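Below: the structure, in structure tokens.
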Amino acid sequence: MIQCMFVPLRESVRYLVTRRHSALLGVLLVIVAGVWGLVALTDHVVEGETQRFDGRVIRWFAGHRGPQWLQDVGRDLTALGGVTVLTLVTIAVVGFLLISRKRGAAVVMIVAVVGGLAIGSTIKHFVNRPRPPRQFQAAYVFTPSFPSGHSMLSAVTYLTLGALLAQVIQRRVLKLYVLSIAVLVTFLVGLSRVYLGVHWPTDVLAGWTAGLVWALLCLSVAHHLQLRGAVERET
């Protein structure tokens, strides 16, 4: 009788362990694929193999930019990935986490954003890719082009924030909604950079890839620290 009672429990534990390992393996595969893709894309960009494609896309957007109000929308969207807005968002989130006595999670958020900024700036420095020609630009820029800092930082910030919010939401539909909004905002920010002619498409693709990889790394470390009790678990 007792042995029969423990069989379902043992099967449930085995299922949870298998599910956790499968999720971890999936995340690791995405990280490895992302790193490989970023390295390959960087190599193609440095060799100039993407310039023909980049030029076509930039010229198409420049010729289909539309009325002034649409360009204003593009500038508003691109501001969501700017340093000022993301700094305010990060300060607000970190303040909330500290007030909620989740200091470990606050540290993870800070490391994710600051680390993403440092990684993006380092890659920009070494690749040192010129921006699209000035006649295509509808916004002021001054740093190297590859990768797109707006795209990378928005991916890091909004995806990390979306994942943190998803942890405290019970309903699966709401989890999907929050993560979808984070992905949508990240996509729109990157698209606006190409639309405004301040980044080549491959700059944005590299920024998205690097941001996703870094966000997944930070969230994976945070999850590992949660299991060890170094970071507070969500209720």
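Order determines the names: the first chain of the structure tokens is A, the second B, and so forth; residues in each chain are numbered 1 upward, and ligands are numbered 1 upward as they are shown.
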
Neighbours of segment 148-159 of chain A within 8 Å (only C-alpha atoms; same-chain residues fewer than 4 positions away dropped), as a ChimeraX atom specification?
/A:78,80-83,86,90,112-113,116-117,120-121,163,179,182-183,185-187,189-190,193,199,203-204,206-212,214-215

List the neighbours of Ala40 of chain A out to 12 Å using only C-alpha atoms; skip same-chain residues closer than 2 positions along the sequence, and give me the result as a PyMOL selection string.
chain A and resi 33-38+42-47+49-50+202+205-206+209

Can those selected residues be exported to a file as a PDB file, in the first residue's frame so that it contains N, CA and C atoms?
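Saved result, result-v2.pdb, follows:
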```pdb
ATOM      1  N   ALA A  33      23.771  28.862 -30.075  1.00  0.00           N
ATOM      2  CA  ALA A  33      23.409  29.244 -31.443  1.00  0.00           C
ATOM      3  C   ALA A  33      23.510  30.751 -31.629  1.00  0.00           C
ATOM      4  N   GLY A  34      23.113  31.518 -30.604  1.00  0.00           N
ATOM      5  CA  GLY A  34      23.192  32.969 -30.684  1.00  0.00           C
ATOM      6  C   GLY A  34      24.618  33.465 -30.773  1.00  0.00           C
ATOM      7  N   VAL A  35      25.498  32.894 -29.959  1.00  0.00           N
ATOM      8  CA  VAL A  35      26.910  33.290 -29.993  1.00  0.00           C
ATOM      9  C   VAL A  35      27.523  32.945 -31.346  1.00  0.00           C
ATOM     10  N   TRP A  36      27.239  31.737 -31.826  1.00  0.00           N
ATOM     11  CA  TRP A  36      27.769  31.334 -33.132  1.00  0.00           C
ATOM     12  C   TRP A  36      27.247  32.247 -34.236  1.00  0.00           C
ATOM     13  N   GLY A  37      25.962  32.549 -34.192  1.00  0.00           N
ATOM     14  CA  GLY A  37      25.383  33.423 -35.203  1.00  0.00           C
ATOM     15  C   GLY A  37      25.973  34.823 -35.161  1.00  0.00           C
ATOM     16  N   LEU A  38      26.197  35.351 -33.947  1.00  0.00           N
ATOM     17  CA  LEU A  38      26.765  36.688 -33.809  1.00  0.00           C
ATOM     18  C   LEU A  38      28.190  36.738 -34.342  1.00  0.00           C
ATOM     19  N   THR A  42      29.259  38.934 -37.556  1.00  0.00           N
ATOM     20  CA  THR A  42      30.329  39.922 -37.412  1.00  0.00           C
ATOM     21  C   THR A  42      31.409  39.703 -38.460  1.00  0.00           C
ATOM     22  N   ASP A  43      31.752  38.447 -38.689  1.00  0.00           N
ATOM     23  CA  ASP A  43      32.771  38.138 -39.694  1.00  0.00           C
ATOM     24  C   ASP A  43      32.321  38.568 -41.081  1.00  0.00           C
ATOM     25  N   HIS A  44      31.054  38.305 -41.421  1.00  0.00           N
ATOM     26  CA  HIS A  44      30.531  38.698 -42.733  1.00  0.00           C
ATOM     27  C   HIS A  44      30.516  40.224 -42.880  1.00  0.00           C
ATOM     28  N   VAL A  45      30.160  40.905 -41.798  1.00  0.00           N
ATOM     29  CA  VAL A  45      30.115  42.372 -41.844  1.00  0.00           C
ATOM     30  C   VAL A  45      31.515  42.942 -42.036  1.00  0.00           C
ATOM     31  N   VAL A  46      32.477  42.433 -41.288  1.00  0.00           N
ATOM     32  CA  VAL A  46      33.856  42.921 -41.386  1.00  0.00           C
ATOM     33  C   VAL A  46      34.406  42.691 -42.784  1.00  0.00           C
ATOM     34  N   GLU A  47      34.033  41.564 -43.380  1.00  0.00           N
ATOM     35  CA  GLU A  47      34.509  41.258 -44.738  1.00  0.00           C
ATOM     36  C   GLU A  47      33.745  42.013 -45.814  1.00  0.00           C
ATOM     37  N   GLU A  49      30.647  41.465 -46.776  1.00  0.00           N
ATOM     38  CA  GLU A  49      29.791  40.577 -47.561  1.00  0.00           C
ATOM     39  C   GLU A  49      28.307  40.927 -47.422  1.00  0.00           C
ATOM     40  N   THR A  50      27.954  41.724 -46.430  1.00  0.00           N
ATOM     41  CA  THR A  50      26.542  42.076 -46.231  1.00  0.00           C
ATOM     42  C   THR A  50      26.206  43.462 -46.770  1.00  0.00           C
ATOM     43  N   THR A 202      21.899  44.692 -40.653  1.00  0.00           N
ATOM     44  CA  THR A 202      22.718  43.706 -39.941  1.00  0.00           C
ATOM     45  C   THR A 202      23.194  44.233 -38.586  1.00  0.00           C
ATOM     46  N   LEU A 205      20.209  43.321 -36.428  1.00  0.00           N
ATOM     47  CA  LEU A 205      20.169  41.876 -36.217  1.00  0.00           C
ATOM     48  C   LEU A 205      21.224  41.446 -35.203  1.00  0.00           C
ATOM     49  N   ALA A 206      22.413  42.032 -35.298  1.00  0.00           N
ATOM     50  CA  ALA A 206      23.469  41.716 -34.342  1.00  0.00           C
ATOM     51  C   ALA A 206      23.103  42.202 -32.943  1.00  0.00           C
ATOM     52  N   THR A 209      20.542  39.821 -31.465  1.00  0.00           N
ATOM     53  CA  THR A 209      21.167  38.540 -31.113  1.00  0.00           C
ATOM     54  C   THR A 209      22.002  38.664 -29.848  1.00  0.00           C
TER      55      THR A 209
END
```

Give me every alpha helix (DSSP H) residue in segment 97-203 of chain A, going by DSSP on the backbone, as an MDAnalysis selection string.
chainID A and resid 97:99 103:127 149:167 172:195 201:203

Export C-alpha atoms of the chosen residues as a compact mmCIF listing (two decimals), in the first residue's frame?
```txt
# COMPACT_ATOMS: atom_id res chain seq x y z
CA LEU A 97 12.93 45.33 -6.35
CA LEU A 98 14.83 46.96 -3.49
CA ILE A 99 11.61 48.15 -1.83
CA ARG A 103 18.16 42.73 -3.49
CA GLY A 104 19.57 39.79 -5.41
CA ALA A 105 17.12 40.29 -8.26
CA ALA A 106 17.96 44.01 -8.29
CA VAL A 107 21.66 43.18 -8.66
CA VAL A 108 20.86 40.82 -11.53
CA MET A 109 18.91 43.59 -13.29
CA ILE A 110 21.76 46.07 -12.86
CA VAL A 111 24.36 43.58 -14.10
CA ALA A 112 22.22 42.73 -17.12
CA VAL A 113 21.80 46.35 -18.25
CA VAL A 114 25.27 47.65 -17.40
CA GLY A 115 26.90 44.51 -18.77
CA GLY A 116 24.89 44.80 -21.98
CA LEU A 117 26.02 48.41 -22.39
CA ALA A 118 29.65 47.45 -21.84
CA ILE A 119 29.52 44.51 -24.26
CA GLY A 120 27.83 46.55 -26.98
CA SER A 121 30.31 49.42 -26.61
CA THR A 122 33.27 47.02 -26.75
CA ILE A 123 32.06 45.37 -29.95
CA LYS A 124 31.39 48.80 -31.49
CA HIS A 125 34.95 49.88 -30.68
CA PHE A 126 36.65 46.87 -32.27
CA VAL A 127 34.44 46.53 -35.36
CA GLY A 149 23.15 49.76 -29.19
CA HIS A 150 19.46 50.64 -29.11
CA SER A 151 18.51 47.16 -30.33
CA MET A 152 20.83 45.38 -27.93
CA LEU A 153 19.97 47.38 -24.82
CA SER A 154 16.24 47.23 -25.49
CA ALA A 155 16.50 43.45 -25.88
CA VAL A 156 18.45 43.13 -22.64
CA THR A 157 16.26 45.49 -20.62
CA TYR A 158 12.78 44.62 -21.84
CA LEU A 159 13.35 40.86 -22.16
CA THR A 160 14.88 40.69 -18.67
CA LEU A 161 12.06 42.80 -17.26
CA GLY A 162 9.46 40.69 -19.07
CA ALA A 163 10.97 37.48 -17.72
CA LEU A 164 11.01 38.87 -14.16
CA LEU A 165 7.36 39.91 -14.44
CA ALA A 166 6.41 36.52 -15.90
CA GLN A 167 7.77 34.83 -12.76
CA ARG A 172 0.00 31.28 -18.63
CA VAL A 173 -1.90 33.61 -20.95
CA LEU A 174 -0.69 36.64 -18.98
CA LYS A 175 2.88 35.32 -19.00
CA LEU A 176 2.71 35.02 -22.77
CA TYR A 177 1.19 38.50 -23.03
CA VAL A 178 3.97 40.13 -20.97
CA LEU A 179 6.74 38.37 -22.89
CA SER A 180 5.06 39.22 -26.21
CA ILE A 181 4.97 42.92 -25.29
CA ALA A 182 8.69 42.79 -24.39
CA VAL A 183 9.51 41.16 -27.73
CA LEU A 184 7.28 43.60 -29.65
CA VAL A 185 8.89 46.69 -28.08
CA THR A 186 12.36 45.28 -28.79
CA PHE A 187 11.39 44.59 -32.41
CA LEU A 188 9.93 48.07 -32.94
CA VAL A 189 13.00 49.77 -31.51
CA GLY A 190 15.28 47.85 -33.88
CA LEU A 191 13.01 48.46 -36.86
CA SER A 192 12.93 52.19 -36.12
CA ARG A 193 16.74 52.35 -36.31
CA VAL A 194 16.71 51.05 -39.88
CA TYR A 195 13.65 53.15 -40.76
CA PRO A 201 19.88 46.03 -40.98
CA THR A 202 22.72 43.71 -39.94
CA ASP A 203 23.58 46.13 -37.12
```

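Every protein or nucleic acid residue with an atom no more than 8 Å from Leu216 of chain A, counting only C-alpha atoms and leaving out same-chain residues fewer than 3 positions away, appears here: A:Val27, A:Ile31, A:Leu212, A:Val213, A:Leu219, A:Ser220.
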
Atoms to include: C-alpha atoms. Write the selected residues as a CSV table (one decimal), in the first residue's frame.
```
chain,number,residue,atom,x,y,z
A,27,VAL,CA,18.3,27.7,-23.2
A,31,ILE,CA,22.8,30.8,-26.2
A,212,LEU,CA,19.0,38.0,-26.4
A,213,VAL,CA,22.1,35.9,-25.6
A,219,LEU,CA,18.5,35.0,-16.3
A,220,SER,CA,20.1,31.6,-16.3
```

Quick one: pull the distance between atom CA of Asp72 of chain A and atom CA of Val93 of chain A, Å, one decimal.
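Going from atom CA of Asp72 of chain A over to atom CA of Val93 of chain A, I get 27.5 Å.
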
Could you jot down the atom CA of Arg129 of chain A to atom CA of Pro147 of chain A separation for me, Å, one decimal place?
8.6 Å

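Going from atom CA of Leu28 of chain A over to atom CA of Lys102 of chain A, you cover 26.0 Å.
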
Counting only C-alpha atoms, the residue of A:Phe136, A:Phe96, A:Leu225, A:Val30 that sits nearest Trp60 of chain A
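Once distances to Trp60 of chain A are computed over only C-alpha atoms, the minimum belongs to A:Phe136.
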
So that I can see what lies close to Gly55 of chain A, please list as a VMD selection string the residues with an atom at most 10 Å from it, counting only C-alpha atoms and leaving out residues fewer than 3 positions away in the same chain.
chain A and resid 50 to 52 58 to 60 132 to 133 200 to 201

Could those residues be written to a file, using N, CA and C atoms, as a JSON list (two decimals), in the first residue's frame?
```json
[["chain", "number", "residue", "atom", "x", "y", "z"],
["A", 50, "THR", "N", 27.95, 41.72, -46.43],
["A", 50, "THR", "CA", 26.54, 42.08, -46.23],
["A", 50, "THR", "C", 26.21, 43.46, -46.77],
["A", 51, "GLN", "N", 27.18, 44.17, -47.30],
["A", 51, "GLN", "CA", 26.98, 45.57, -47.66],
["A", 51, "GLN", "C", 25.94, 45.74, -48.77],
["A", 52, "ARG", "N", 25.91, 44.82, -49.71],
["A", 52, "ARG", "CA", 24.93, 44.94, -50.80],
["A", 52, "ARG", "C", 23.51, 44.83, -50.28],
["A", 58, "ILE", "N", 18.43, 49.93, -46.74],
["A", 58, "ILE", "CA", 18.50, 51.33, -46.31],
["A", 58, "ILE", "C", 17.91, 52.25, -47.37],
["A", 59, "ARG", "N", 18.23, 52.01, -48.63],
["A", 59, "ARG", "CA", 17.70, 52.85, -49.71],
["A", 59, "ARG", "C", 16.19, 52.69, -49.83],
["A", 60, "TRP", "N", 15.68, 51.48, -49.60],
["A", 60, "TRP", "CA", 14.23, 51.27, -49.69],
["A", 60, "TRP", "C", 13.51, 52.06, -48.61],
["A", 132, "PRO", "N", 25.41, 54.40, -41.96],
["A", 132, "PRO", "CA", 24.92, 54.67, -43.32],
["A", 132, "PRO", "C", 25.21, 56.11, -43.72],
["A", 133, "PRO", "N", 25.30, 56.40, -45.00],
["A", 133, "PRO", "CA", 25.58, 57.77, -45.45],
["A", 133, "PRO", "C", 24.63, 58.78, -44.84],
["A", 200, "TRP", "N", 22.49, 50.03, -40.31],
["A", 200, "TRP", "CA", 22.30, 48.99, -41.31],
["A", 200, "TRP", "C", 21.45, 47.86, -40.70],
["A", 201, "PRO", "N", 20.69, 47.13, -41.52],
["A", 201, "PRO", "CA", 19.88, 46.03, -40.98],
["A", 201, "PRO", "C", 20.69, 44.99, -40.19]]
```
